[in-house]
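Data from data_11.cif: mmCIF, C-alpha atoms
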data_work
#
loop_
_atom_site.label_atom_id
_atom_site.label_comp_id
_atom_site.auth_asym_id
_atom_site.auth_seq_id
_atom_site.Cartn_x
_atom_site.Cartn_y
_atom_site.Cartn_z
CA MET A 81 0.00 0.00 0.00
CA THR A 82 1.30 3.44 -0.89
CA THR A 83 0.76 6.71 0.86
CA ASN A 84 1.54 10.21 -0.20
CA ASP A 85 4.77 11.60 1.17
CA THR A 86 4.37 15.28 1.76
CA SER A 87 7.47 15.68 3.88
CA THR A 88 9.90 14.23 1.30
CA PRO A 89 12.40 12.78 3.79
CA ASN A 90 15.99 12.29 2.65
CA LEU A 91 15.18 14.02 -0.62
CA ALA A 92 15.57 17.60 -1.77
CA LYS A 93 13.08 19.66 0.17
CA PRO A 94 11.40 22.56 -1.61
CA ARG A 95 12.89 25.95 -0.95
CA ILE A 96 9.76 27.88 -0.06
CA GLY A 97 10.64 31.44 -0.91
CA GLY A 98 8.18 34.15 -1.76
CA SER A 99 10.74 36.04 -3.82
CA GLY A 100 11.35 33.09 -6.15
CA ILE A 101 7.66 32.39 -6.63
CA PHE A 102 6.93 36.08 -7.17
CA SER A 103 9.78 36.44 -9.69
CA ALA A 104 8.64 33.41 -11.66
CA ALA A 105 5.02 34.55 -11.63
CA THR A 106 5.87 38.15 -12.55
CA GLY A 107 7.95 37.09 -15.53
CA ASN A 108 5.19 34.74 -16.61
CA ALA A 109 2.68 37.60 -16.36
CA VAL A 110 4.85 39.82 -18.54
CA GLU A 111 5.24 37.10 -21.18
CA ALA A 112 1.49 36.46 -21.18
CA TYR A 113 0.95 40.19 -21.54
CA ASP A 114 3.39 40.34 -24.47
CA TRP A 115 1.73 37.38 -26.13
CA SER A 116 -1.92 38.24 -25.66
CA VAL A 117 -1.62 41.93 -26.48
CA TYR A 118 -1.19 40.92 -30.11
CA ALA A 119 -4.53 39.11 -30.16
CA LEU A 120 -6.28 41.98 -28.39
CA TYR A 121 -5.06 44.55 -30.93
CA ALA A 122 -5.31 42.35 -34.02
CA THR A 123 -7.86 44.60 -35.70
CA PHE A 124 -5.54 47.62 -35.41
CA ILE A 125 -2.42 45.71 -36.44
CA ALA A 126 -4.22 44.49 -39.57
CA LYS A 127 -4.83 48.06 -40.69
CA GLN A 128 -1.25 49.21 -40.14
CA MET A 129 1.03 46.27 -40.94
CA PHE A 130 -0.74 44.76 -43.96
CA SER A 131 -2.16 46.03 -47.24
CA PRO A 132 -5.31 48.12 -46.64
CA ASP A 133 -6.78 47.13 -50.01
CA ASP A 134 -8.57 44.06 -48.59
CA PRO A 135 -9.50 44.54 -44.90
CA ALA A 136 -10.86 40.98 -44.48
CA SER A 137 -7.70 39.46 -45.89
CA ALA A 138 -5.56 41.76 -43.75
CA PHE A 139 -7.37 40.64 -40.60
CA LEU A 140 -6.91 36.97 -41.51
CA SER A 141 -3.24 37.65 -42.28
CA THR A 142 -2.85 39.22 -38.83
CA LEU A 143 -4.32 36.10 -37.23
CA ALA A 144 -2.07 33.94 -39.41
CA VAL A 145 0.97 35.76 -38.01
CA PHE A 146 -0.43 35.04 -34.54
CA ALA A 147 -0.39 31.36 -35.52
CA VAL A 148 3.11 31.66 -37.01
CA GLY A 149 4.38 32.80 -33.62
CA PHE A 150 3.06 29.55 -32.21
CA ALA A 151 5.02 27.60 -34.83
CA ALA A 152 8.25 28.59 -33.08
CA ARG A 153 7.04 27.38 -29.70
CA PRO A 154 8.00 23.69 -30.08
CA LEU A 155 11.57 24.70 -30.92
CA GLY A 156 11.53 27.12 -27.99
CA GLY A 157 10.10 24.40 -25.78
CA TRP A 158 12.91 22.03 -26.71
CA LEU A 159 15.66 24.68 -26.48
CA PHE A 160 14.64 26.28 -23.20
CA GLY A 161 13.43 22.99 -21.78
CA TRP A 162 16.89 21.55 -22.40
CA ILE A 163 18.46 24.63 -20.84
CA GLY A 164 16.14 24.33 -17.86
CA ASP A 165 17.04 20.67 -17.26
CA SER A 166 20.75 21.13 -17.99
CA MET A 167 21.65 24.62 -16.76
CA GLY A 168 18.83 25.48 -14.43
CA ARG A 169 15.25 26.73 -14.31
CA LYS A 170 16.47 30.22 -13.44
CA THR A 171 18.77 30.50 -16.47
CA SER A 172 16.02 29.32 -18.80
CA MET A 173 13.49 31.81 -17.44
CA MET A 174 15.93 34.71 -17.68
CA LEU A 175 16.62 34.01 -21.35
CA CYS A 176 12.91 33.60 -22.09
CA ILE A 177 11.84 36.93 -20.65
CA GLY A 178 14.68 38.76 -22.38
CA LEU A 179 13.77 37.35 -25.80
CA ALA A 180 10.05 38.00 -25.37
CA SER A 181 10.67 41.63 -24.43
CA LEU A 182 12.89 42.11 -27.47
CA GLY A 183 10.01 40.92 -29.66
CA SER A 184 7.66 43.47 -28.09
CA LEU A 185 10.16 46.26 -28.64
CA ILE A 186 10.48 45.35 -32.33
CA VAL A 187 6.70 45.45 -32.83
CA ALA A 188 6.47 48.81 -31.03
CA VAL A 189 9.00 50.56 -33.29
CA THR A 190 8.47 48.90 -36.69
CA PRO A 191 7.17 51.36 -39.34
CA ASP A 192 3.76 50.62 -40.85
CA TYR A 193 2.85 49.18 -44.26
CA GLY A 194 2.33 52.60 -45.76
CA THR A 195 5.93 53.52 -44.93
CA ILE A 196 7.97 50.42 -45.76
CA GLY A 197 5.45 48.20 -47.57
CA GLY A 198 5.76 44.44 -47.19
CA TRP A 199 8.78 44.79 -44.92
CA ALA A 200 6.39 45.77 -42.14
CA SER A 201 4.66 42.40 -42.38
CA PHE A 202 8.01 40.58 -42.60
CA ILE A 203 9.44 42.27 -39.49
CA LEU A 204 6.20 41.57 -37.65
CA VAL A 205 6.61 37.87 -38.43
CA ILE A 206 10.22 37.91 -37.13
CA ALA A 207 9.14 39.57 -33.89
CA ARG A 208 6.40 37.02 -33.35
CA LEU A 209 8.81 34.16 -34.04
CA LEU A 210 11.15 35.49 -31.35
CA GLN A 211 8.28 35.71 -28.92
CA GLY A 212 7.16 32.23 -29.93
CA LEU A 213 10.58 30.82 -29.06
CA ALA A 214 10.50 32.57 -25.70
CA HIS A 215 6.96 31.60 -24.82
CA GLY A 216 7.63 27.98 -25.79
CA GLY A 217 10.10 27.81 -22.92
CA GLU A 218 8.65 30.29 -20.43
CA PHE A 219 5.39 28.65 -19.46
CA PRO A 220 6.71 25.09 -18.93
CA THR A 221 9.81 26.31 -17.09
CA ALA A 222 7.92 28.68 -14.80
CA GLN A 223 5.33 26.06 -13.90
CA THR A 224 8.08 23.50 -13.26
CA TYR A 225 9.94 25.93 -11.00
CA ILE A 226 6.89 26.84 -8.92
CA ALA A 227 5.81 23.20 -8.54
CA GLU A 228 9.29 22.35 -7.26
CA VAL A 229 9.51 25.07 -4.60
CA VAL A 230 6.12 24.71 -2.87
CA PRO A 231 4.83 22.12 -0.35
CA ALA A 232 3.35 18.94 -1.81
CA GLN A 233 0.13 19.20 0.20
CA SER A 234 -0.70 22.62 -1.30
CA ARG A 235 0.89 22.23 -4.74
CA GLY A 236 -2.46 22.53 -6.53
CA PHE A 237 -3.20 25.84 -4.84
CA TRP A 238 0.23 27.34 -5.51
CA SER A 239 0.37 26.01 -9.07
CA SER A 240 -2.66 28.15 -9.84
CA ALA A 241 -0.16 31.04 -9.70
CA ILE A 242 0.89 30.14 -13.25
CA TYR A 243 -2.43 30.86 -14.91
CA PHE A 244 -3.18 33.51 -12.28
CA SER A 245 -0.09 35.45 -13.31
CA ALA A 246 -0.71 34.79 -17.01
CA THR A 247 -4.29 36.02 -16.68
CA ALA A 248 -3.11 39.03 -14.69
CA GLY A 249 -0.92 39.87 -17.69
CA ILE A 250 -3.91 39.50 -20.00
CA VAL A 251 -6.06 41.65 -17.71
CA PHE A 252 -3.42 44.36 -17.59
CA ALA A 253 -3.17 44.35 -21.39
CA THR A 254 -6.95 44.49 -21.70
CA ILE A 255 -7.32 47.31 -19.18
CA MET A 256 -4.67 49.29 -21.00
CA GLY A 257 -6.52 48.76 -24.26
CA ALA A 258 -9.83 49.75 -22.70
CA ILE A 259 -8.34 52.93 -21.26
CA LEU A 260 -6.68 53.83 -24.55
CA SER A 261 -9.90 53.16 -26.45
CA SER A 262 -11.85 55.30 -23.99
CA PHE A 263 -9.57 58.33 -24.25
CA ILE A 264 -8.19 58.02 -27.79
CA ASN A 265 -10.44 58.01 -30.84
CA ASN A 266 -10.40 55.08 -33.25
CA GLN A 267 -8.32 56.93 -35.84
CA ALA A 268 -5.55 57.72 -33.35
CA MET A 269 -5.75 54.23 -31.88
CA ALA A 270 -5.30 52.68 -35.31
CA SER A 271 -2.46 55.06 -36.12
CA PHE A 272 -0.23 54.89 -33.05
CA GLY A 273 -2.21 53.97 -29.92
CA TRP A 274 -1.90 50.23 -30.46
CA ARG A 275 1.90 50.51 -30.25
CA VAL A 276 1.88 51.79 -26.67
CA PRO A 277 1.10 48.41 -25.04
CA PHE A 278 4.02 46.78 -26.90
CA ALA A 279 6.43 49.47 -25.68
CA VAL A 280 5.16 49.00 -22.13
CA GLY A 281 5.71 45.25 -22.49
CA ALA A 282 9.35 45.78 -23.38
CA ILE A 283 9.87 47.95 -20.27
CA LEU A 284 8.10 45.47 -17.99
CA GLY A 285 10.23 42.69 -19.44
CA LEU A 286 13.39 44.47 -18.38
CA TYR A 287 12.02 44.77 -14.84
CA ALA A 288 11.14 41.05 -14.76
CA LEU A 289 14.62 40.15 -16.02
CA ILE A 290 16.22 42.06 -13.16
CA MET A 291 13.95 40.26 -10.69
CA ARG A 292 14.92 36.88 -12.08
CA LEU A 293 18.61 37.66 -11.75
CA ARG A 294 18.04 37.63 -7.99
CA MET A 295 15.79 34.57 -7.66
CA PRO A 296 17.10 31.31 -6.10
CA GLU A 297 17.47 28.14 -8.13
CA SER A 298 15.14 25.21 -7.44
CA GLU A 299 16.70 22.83 -4.92
CA ALA A 300 15.04 19.94 -6.75
CA PHE A 301 17.05 20.87 -9.85
CA GLU A 302 20.23 21.22 -7.82
CA ALA A 303 19.73 17.76 -6.31
CA SER A 304 18.91 16.36 -9.75
CA LYS A 305 22.06 17.85 -11.23
CA ALA A 306 24.14 16.25 -8.50
CA GLN A 307 22.59 12.84 -9.16
CA LYS A 308 22.99 13.02 -12.94
CA GLY A 309 26.69 12.44 -12.63
CA THR A 310 26.04 8.89 -11.39
CA GLY A 311 23.75 7.90 -14.27
CA LYS A 312 24.41 6.89 -17.87
CA THR A 313 21.08 7.73 -19.47
CA SER A 314 21.09 10.75 -21.78
CA LEU A 315 18.45 13.45 -21.54
CA TRP A 316 17.01 12.58 -24.95
CA THR A 317 16.84 8.86 -24.11
CA SER A 318 15.03 9.67 -20.88
CA VAL A 319 12.49 11.79 -22.75
CA VAL A 320 11.81 8.99 -25.25
CA GLN A 321 11.33 6.53 -22.40
CA HIS A 322 8.53 8.73 -21.07
CA TRP A 323 6.55 8.91 -24.33
CA ARG A 324 3.33 7.93 -22.57
CA GLU A 325 3.58 10.93 -20.29
CA ALA A 326 4.31 13.14 -23.31
CA LEU A 327 1.11 11.92 -24.96
CA GLN A 328 -0.79 12.66 -21.77
CA VAL A 329 0.55 16.23 -21.82
CA ILE A 330 -0.70 16.61 -25.39
CA GLY A 331 -4.09 15.11 -24.57
CA LEU A 332 -4.62 17.36 -21.56
CA THR A 333 -3.36 20.47 -23.33
CA LEU A 334 -5.58 19.96 -26.40
CA GLY A 335 -8.90 21.06 -24.94
CA LEU A 336 -7.40 23.57 -22.54
CA THR A 337 -5.42 25.51 -25.12
CA ILE A 338 -8.26 25.72 -27.64
CA ALA A 339 -10.79 26.80 -25.02
CA PHE A 340 -8.39 29.21 -23.30
CA TYR A 341 -7.36 31.04 -26.45
CA THR A 342 -10.94 31.10 -27.71
CA TRP A 343 -12.52 32.53 -24.57
CA ASN A 344 -9.83 34.10 -22.40
CA VAL A 345 -7.70 35.72 -25.11
CA SER A 346 -9.42 36.13 -28.47
CA ALA A 347 -13.07 36.59 -27.48
CA PRO A 348 -12.99 40.42 -27.20
CA SER A 349 -11.22 40.82 -30.54
CA MET A 350 -13.58 38.35 -32.23
CA ALA A 351 -16.59 40.11 -30.71
CA MET A 352 -15.41 43.40 -32.21
CA SER A 353 -14.93 41.82 -35.62
CA VAL A 354 -17.95 39.50 -35.82
CA HIS A 355 -20.59 40.94 -33.49
CA LYS A 356 -19.56 44.58 -33.94
CA VAL A 357 -19.22 45.17 -30.22
CA ASN A 358 -17.82 48.60 -29.43
CA PRO A 359 -14.04 48.19 -28.90
CA SER A 360 -14.11 49.85 -25.49
CA GLU A 361 -17.06 47.71 -24.33
CA ALA A 362 -15.45 44.52 -25.62
CA LEU A 363 -12.17 45.19 -23.84
CA TRP A 364 -13.87 46.07 -20.55
CA ALA A 365 -16.00 42.93 -20.85
CA GLY A 366 -12.88 40.86 -21.32
CA THR A 367 -11.32 42.54 -18.32
CA ALA A 368 -14.30 41.80 -16.07
CA ALA A 369 -14.44 38.14 -17.08
CA ASN A 370 -10.73 37.62 -16.59
CA VAL A 371 -10.79 39.30 -13.17
CA LEU A 372 -13.40 36.76 -12.09
CA PHE A 373 -11.23 34.04 -13.60
CA LEU A 374 -8.46 35.10 -11.19
CA PHE A 375 -10.72 34.21 -8.26
CA PHE A 376 -11.76 30.90 -9.78
CA LEU A 377 -8.18 29.65 -10.14
CA PRO A 378 -7.05 29.38 -6.48
CA PHE A 379 -10.49 28.02 -5.57
CA TRP A 380 -10.12 25.07 -7.93
CA GLY A 381 -6.48 24.61 -6.93
CA ARG A 382 -7.46 24.27 -3.28
CA VAL A 383 -10.27 21.86 -4.19
CA SER A 384 -7.81 19.63 -6.05
CA ASP A 385 -5.55 19.51 -2.98
CA LYS A 386 -8.53 18.18 -1.03
CA ILE A 387 -10.24 15.74 -3.41
CA GLY A 388 -7.60 15.03 -6.07
CA ARG A 389 -6.53 16.20 -9.52
CA LYS A 390 -8.59 13.82 -11.67
CA PRO A 391 -12.12 14.79 -10.55
CA VAL A 392 -11.32 18.49 -10.88
CA LEU A 393 -9.90 17.99 -14.38
CA ALA A 394 -12.95 15.99 -15.43
CA VAL A 395 -15.37 18.64 -14.17
CA GLY A 396 -13.40 21.35 -15.93
CA PHE A 397 -13.18 19.72 -19.34
CA LEU A 398 -16.74 18.39 -19.47
CA GLY A 399 -18.21 21.53 -17.95
CA ALA A 400 -16.50 23.78 -20.51
CA ALA A 401 -17.71 21.51 -23.34
CA ALA A 402 -21.29 21.66 -22.08
CA ALA A 403 -21.18 25.44 -21.55
CA HIS A 404 -19.71 26.44 -24.93
CA PHE A 405 -22.86 26.51 -27.07
CA PRO A 406 -25.08 28.15 -24.41
CA ALA A 407 -22.41 30.82 -24.00
CA ILE A 408 -22.22 31.39 -27.76
CA SER A 409 -26.00 31.87 -27.88
CA LEU A 410 -25.69 34.73 -25.38
CA LEU A 411 -23.46 36.84 -27.61
CA ASP A 412 -24.82 39.94 -29.31
CA ASN A 413 -23.47 43.45 -29.90
CA THR A 414 -23.24 44.36 -26.21
CA GLY A 415 -20.30 44.09 -23.87
CA PHE A 416 -22.44 42.78 -21.00
CA ARG A 417 -23.44 39.64 -22.91
CA LEU A 418 -19.83 39.07 -23.89
CA ALA A 419 -18.66 39.30 -20.26
CA LEU A 420 -21.41 36.91 -19.14
CA ALA A 421 -20.62 34.35 -21.83
CA MET A 422 -16.89 34.49 -21.12
CA THR A 423 -17.41 34.10 -17.37
CA ILE A 424 -19.61 31.02 -17.71
CA VAL A 425 -17.09 29.07 -19.78
CA MET A 426 -14.06 30.40 -17.94
CA PHE A 427 -15.38 29.08 -14.61
CA PHE A 428 -14.83 25.57 -15.95
CA ILE A 429 -11.63 26.42 -17.82
CA ALA A 430 -10.24 27.59 -14.48
CA ALA A 431 -10.68 24.10 -13.00
CA VAL A 432 -8.19 22.75 -15.53
CA ALA A 433 -5.88 25.77 -15.80
CA SER A 434 -5.42 26.04 -12.03
CA ILE A 435 -3.89 22.59 -11.58
CA ILE A 436 -2.47 21.57 -14.95
CA PRO A 437 1.01 22.86 -13.96
CA ALA A 438 0.92 20.63 -10.88
CA VAL A 439 -0.33 17.66 -12.89
CA PHE A 440 2.45 18.03 -15.48
CA ALA A 441 5.10 18.31 -12.77
CA GLU A 442 3.72 15.26 -10.99
CA ILE A 443 3.94 12.88 -13.94
CA PHE A 444 7.62 13.47 -14.86
CA PRO A 445 10.84 12.87 -12.88
CA THR A 446 12.90 15.95 -11.98
CA ALA A 447 15.75 15.14 -14.38
CA ILE A 448 13.59 15.65 -17.48
CA ARG A 449 10.62 17.53 -16.06
CA ASN A 450 11.28 20.78 -17.91
CA VAL A 451 11.91 19.46 -21.42
CA GLY A 452 9.51 16.54 -20.92
CA VAL A 453 6.66 18.99 -20.46
CA ALA A 454 7.88 21.80 -22.72
CA VAL A 455 8.19 19.90 -25.99
CA PRO A 456 4.79 18.12 -26.15
CA TYR A 457 3.06 21.09 -24.54
CA SER A 458 4.51 23.56 -27.05
CA ILE A 459 3.72 21.31 -30.01
CA CYS A 460 0.11 21.01 -28.92
CA VAL A 461 -0.30 24.74 -28.23
CA ALA A 462 1.27 25.55 -31.62
CA LEU A 463 -1.01 23.19 -33.52
CA PHE A 464 -4.25 23.96 -31.71
CA GLY A 465 -4.01 27.06 -29.51
CA GLY A 466 -2.23 29.18 -32.07
CA THR A 467 -4.67 28.30 -34.83
CA ALA A 468 -7.89 28.63 -32.82
CA ALA A 469 -8.62 32.27 -33.67
CA PHE A 470 -7.61 31.77 -37.31
CA ILE A 471 -9.84 28.70 -37.71
CA GLN A 472 -12.73 30.52 -36.05
CA ALA A 473 -12.41 33.56 -38.31
CA GLY A 474 -11.85 31.38 -41.38
CA LEU A 475 -14.97 29.29 -40.72
CA ASN A 476 -17.04 32.44 -40.20
CA GLN A 477 -15.84 33.86 -43.51
CA ALA A 478 -16.24 30.61 -45.46
CA MET A 479 -19.54 29.37 -44.01
CA GLY A 480 -21.20 32.49 -42.68
CA GLN A 481 -21.45 33.57 -39.06
CA ALA A 482 -24.13 31.11 -37.89
CA ALA A 483 -22.80 27.99 -39.60
CA GLY A 484 -19.20 28.94 -38.86
CA ALA A 485 -19.96 29.38 -35.15
CA THR A 486 -21.63 25.95 -35.06
CA ALA A 487 -18.72 24.24 -36.82
CA PHE A 488 -16.16 25.87 -34.58
CA GLY A 489 -18.23 25.07 -31.50
CA ILE A 490 -18.19 21.40 -32.41
CA TYR A 491 -14.43 21.62 -32.84
CA VAL A 492 -14.04 23.14 -29.35
CA ALA A 493 -16.42 20.66 -27.68
CA VAL A 494 -14.78 17.60 -29.26
CA SER A 495 -11.33 18.77 -28.16
CA LEU A 496 -12.54 19.23 -24.58
CA VAL A 497 -14.16 15.80 -24.49
CA GLY A 498 -10.95 14.32 -25.90
CA SER A 499 -9.02 15.86 -23.02
CA ALA A 500 -11.56 14.48 -20.56
CA VAL A 501 -10.86 11.00 -21.95
CA THR A 502 -7.14 11.57 -21.37
CA VAL A 503 -7.89 12.17 -17.68
CA LEU A 504 -8.93 8.51 -17.44
CA THR A 505 -5.36 7.45 -18.30
CA LEU A 506 -3.83 9.39 -15.39
CA ARG A 507 -2.90 8.10 -11.97
CA GLU A 508 -4.02 10.26 -9.08
CA THR A 509 -0.91 12.28 -8.16
CA ARG A 510 -2.19 14.66 -5.47
CA GLY A 511 0.48 15.11 -2.80
CA SER A 512 3.14 13.15 -4.70
CA ASN A 513 6.81 13.59 -3.92
CA ILE A 514 8.34 15.23 -7.03
CA HIS A 515 11.86 15.74 -5.74
CA ASP A 516 13.54 12.57 -6.93
CA ALA A 517 15.81 13.08 -9.93
CA THR A 518 15.07 9.87 -11.80
CA LEU A 519 11.83 8.33 -10.52
CA PRO A 520 8.39 9.54 -11.62
CA PRO A 521 6.48 11.08 -8.70
CA VAL A 522 4.12 8.16 -8.12
CA ALA A 523 7.03 5.72 -8.03
CA ALA A 524 8.83 7.99 -5.59
CA ARG A 525 6.12 7.69 -2.97
CA VAL A 526 7.02 6.06 0.30
CA SER A 527 5.61 2.58 0.92
#

Serialized structure, structure tokens:
Amino acid sequence: MTTNDTSTPNLAKPRIGGSGIFSAATGNAVEAYDWSVYALYATFIAKQMFSPDDPASAFLSTLAVFAVGFAARPLGGWLFGWIGDSMGRKTSMMLCIGLASLGSLIVAVTPDYGTIGGWASFILVIARLLQGLAHGGEFPTAQTYIAEVVPAQSRGFWSSAIYFSATAGIVFATIMGAILSSFINNQAMASFGWRVPFAVGAILGLYALIMRLRMPESEAFEASKAQKGTGKTSLWTSVVQHWREALQVIGLTLGLTIAFYTWNVSAPSMAMSVHKVNPSEALWAGTAANVLFLFFLPFWGRVSDKIGRKPVLAVGFLGAAAAHFPAISLLDNTGFRLALAMTIVMFFIAAVASIIPAVFAEIFPTAIRNVGVAVPYSICVALFGGTAAFIQAGLNQAMGQAAGATAFGIYVAVSLVGSAVTVLTLRETRGSNIHDATLPPVAARVS
């Protein structure tokens, strides 16, 4: 009979330090801000960075560049995951935030299409590729770090800091957009106002980089590094040996990433484009829904620490699938309906988002935890999260708004149900010891 070991005797104990957790979460918030600000201002970017001759095509091209940024994430996941497992979580996170901030700076200062023609679109693609590389490593490394430095018995609660910080970045970006839209007319916003959030992102990135210079390294990584010298298995061989866990990461990420980018990130922009919601109303609606999402996250994290990861994941995936079509039916040209629809679905998304960092950390051994999560996670987000807004807009244009919404809704619901099926393949890992360098957490429990 096995029991959960929350004290992790004779193994690396987590270094519980508020500064490290805060530094990891702050950098994650800045990267999420950098990433999501593009989706929020897609309608303005389309008018400035692409040919104005065909507005519909320009908007789709803007969303395509959003997807292109995701294409770099698997490479970033592998690169920064390898760095995180070989050189340290801290080193990986420092490099990620620096690269992401550089991408934001490039977008902020690049001349528009009317000034340099197609070069504007080309430079935009390069900036998004840089951010894609950075984001491919940031999220998995930050969630690995936080999971390793908090107590096992409250890992679900503390792991909610990952999506909490990411959502805080999204909220900040949305609030900034709402304020700018409220005080700057549409013509000025389209001309230069949309660049302000990117410039702010570059400055915030520098601040986060300085914070991460001072953060402590994970003791679990340090213990793992010391043990690696006694083993003969290469990092790549270890990753291949854990292919089942990699498939589980993909299966769990599938529904979450499609639903998250559909509702938490792209919904205000899509509402402006499809339902003609006033830009200011749409951005404030997105802000209100995401603020509520912040409260949902620690709630679900705490619940998972009490009853387990699997039931919370199942409720989240199936609940979001069931709520999608009712939420879509609420949408009209008002910001209030948009906020209500977003909040309903996001309540269930929060159940998954709050604990998925803990779940990922709990199914891999320390020695390959960073790259083991980063590569399959980034591949899945690139294939499905990055294309969600583009597929949604493409279906609306090809099939009409009503039929397109139905087709896309089926796509979202099927992905969520698929992730719910993946939950059945998991072992319950609540309270597992994750501080052994070579054993998976369940195997590392004390008999």

What's around A:Thr337 at 7 Å? Count all atoms listed in the file, leave out sequence neighbours fewer than 6 positions away in its own chain, and write the answer as a PDB file with C-alpha atoms, in the coordinates of the input.
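This is the output file result37.pdb:
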ATOM      1  CA  VAL A 461      -0.300  24.740 -28.230  1.00  0.00           C
ATOM      2  CA  PHE A 464      -4.250  23.960 -31.710  1.00  0.00           C
ATOM      3  CA  GLY A 465      -4.010  27.060 -29.510  1.00  0.00           C
TER       4      GLY A 465
END

Within 6 Å of stretch 106-129 of chain A, which residues of stretch 258-300 of chain A come that close, and what is the closest atom pair and distance in Å for each? Count only C-alpha atoms and give it as JSON lines.
{"residue": "A:Ala270", "atom": "CA", "partner": "A:Phe124", "partner_atom": "CA", "distance": 5.1}
{"residue": "A:Gly281", "atom": "CA", "partner": "A:Asp114", "partner_atom": "CA", "distance": 5.8}
{"residue": "A:Ala288", "atom": "CA", "partner": "A:Gly107", "partner_atom": "CA", "distance": 5.1}

Check the smallest atom-to-atom distance from each of A:Ile203, A:Ala268, A:Leu155, A:Cys176 to A:Ser458 using all atoms listed in the file, then report the winner.
A:Leu155

With 5 Å on each side, where is the centre of the axis-aligned box around all listed atoms of stretch 300-306 of chain A, and how long are its edges in Å to one decimal, as JSON?
{"center_x": 19.6, "center_y": 18.7, "center_z": -8.8, "size_x": 19.1, "size_y": 15.0, "size_z": 14.9}

Using the chain letters and residue numbers of this document, give as a VMD selection string the residues selected by the PyMOL selection byres ((chain A and resi 499-504) around 12).
chain A and resid 324 to 339 388 to 401 432 436 439 492 to 498 505 to 509

Would you list the contacts of stretch 213-224 of chain A as a PyMOL selection string, taking every protein, DNA or RNA residue within 7 Å and counting only C-alpha atoms, but skipping same-chain residues closer than 3 positions in sequence?
chain A and resi 104+108+111+152-157+160-161+164+169+173+176-177+179-180+209-210+227-228+239+242+437+441+450+453-454+458

Which residue of A:Leu140, A:Ala147, A:Leu185, A:Ala469 approaches A:Leu284 most closely, using all atoms listed in the file
A:Leu185

Determine the residue set returned by the PyMOL selection byres ((chain A and resi 255-260) around 12) for the present structure, and present it as an mmCIF file with C-alpha atoms, keeping the file's coordinate frame.
data_model
loop_
_atom_site.group_PDB
_atom_site.id
_atom_site.type_symbol
_atom_site.label_atom_id
_atom_site.label_comp_id
_atom_site.auth_asym_id
_atom_site.auth_seq_id
_atom_site.Cartn_x
_atom_site.Cartn_y
_atom_site.Cartn_z
ATOM 1 C CA TYR A 113 0.950 40.190 -21.540
ATOM 2 C CA SER A 116 -1.920 38.240 -25.660
ATOM 3 C CA VAL A 117 -1.620 41.930 -26.480
ATOM 4 C CA TYR A 118 -1.190 40.920 -30.110
ATOM 5 C CA ALA A 119 -4.530 39.110 -30.160
ATOM 6 C CA LEU A 120 -6.280 41.980 -28.390
ATOM 7 C CA TYR A 121 -5.060 44.550 -30.930
ATOM 8 C CA ALA A 122 -5.310 42.350 -34.020
ATOM 9 C CA PHE A 124 -5.540 47.620 -35.410
ATOM 10 C CA THR A 247 -4.290 36.020 -16.680
ATOM 11 C CA ALA A 248 -3.110 39.030 -14.690
ATOM 12 C CA GLY A 249 -0.920 39.870 -17.690
ATOM 13 C CA ILE A 250 -3.910 39.500 -20.000
ATOM 14 C CA VAL A 251 -6.060 41.650 -17.710
ATOM 15 C CA PHE A 252 -3.420 44.360 -17.590
ATOM 16 C CA ALA A 253 -3.170 44.350 -21.390
ATOM 17 C CA THR A 254 -6.950 44.490 -21.700
ATOM 18 C CA SER A 261 -9.900 53.160 -26.450
ATOM 19 C CA SER A 262 -11.850 55.300 -23.990
ATOM 20 C CA PHE A 263 -9.570 58.330 -24.250
ATOM 21 C CA ILE A 264 -8.190 58.020 -27.790
ATOM 22 C CA ASN A 265 -10.440 58.010 -30.840
ATOM 23 C CA ASN A 266 -10.400 55.080 -33.250
ATOM 24 C CA GLN A 267 -8.320 56.930 -35.840
ATOM 25 C CA ALA A 268 -5.550 57.720 -33.350
ATOM 26 C CA MET A 269 -5.750 54.230 -31.880
ATOM 27 C CA ALA A 270 -5.300 52.680 -35.310
ATOM 28 C CA PHE A 272 -0.230 54.890 -33.050
ATOM 29 C CA GLY A 273 -2.210 53.970 -29.920
ATOM 30 C CA TRP A 274 -1.900 50.230 -30.460
ATOM 31 C CA ARG A 275 1.900 50.510 -30.250
ATOM 32 C CA VAL A 276 1.880 51.790 -26.670
ATOM 33 C CA PRO A 277 1.100 48.410 -25.040
ATOM 34 C CA PHE A 278 4.020 46.780 -26.900
ATOM 35 C CA VAL A 280 5.160 49.000 -22.130
ATOM 36 C CA GLY A 281 5.710 45.250 -22.490
ATOM 37 C CA PRO A 348 -12.990 40.420 -27.200
ATOM 38 C CA SER A 349 -11.220 40.820 -30.540
ATOM 39 C CA ASN A 358 -17.820 48.600 -29.430
ATOM 40 C CA PRO A 359 -14.040 48.190 -28.900
ATOM 41 C CA SER A 360 -14.110 49.850 -25.490
ATOM 42 C CA GLU A 361 -17.060 47.710 -24.330
ATOM 43 C CA ALA A 362 -15.450 44.520 -25.620
ATOM 44 C CA LEU A 363 -12.170 45.190 -23.840
ATOM 45 C CA TRP A 364 -13.870 46.070 -20.550
ATOM 46 C CA ALA A 365 -16.000 42.930 -20.850
ATOM 47 C CA GLY A 366 -12.880 40.860 -21.320
ATOM 48 C CA THR A 367 -11.320 42.540 -18.320
ATOM 49 C CA ALA A 368 -14.300 41.800 -16.070
ATOM 50 C CA ALA A 369 -14.440 38.140 -17.080
ATOM 51 C CA ASN A 370 -10.730 37.620 -16.590
ATOM 52 C CA VAL A 371 -10.790 39.300 -13.170
ATOM 53 C CA GLY A 415 -20.300 44.090 -23.870
#
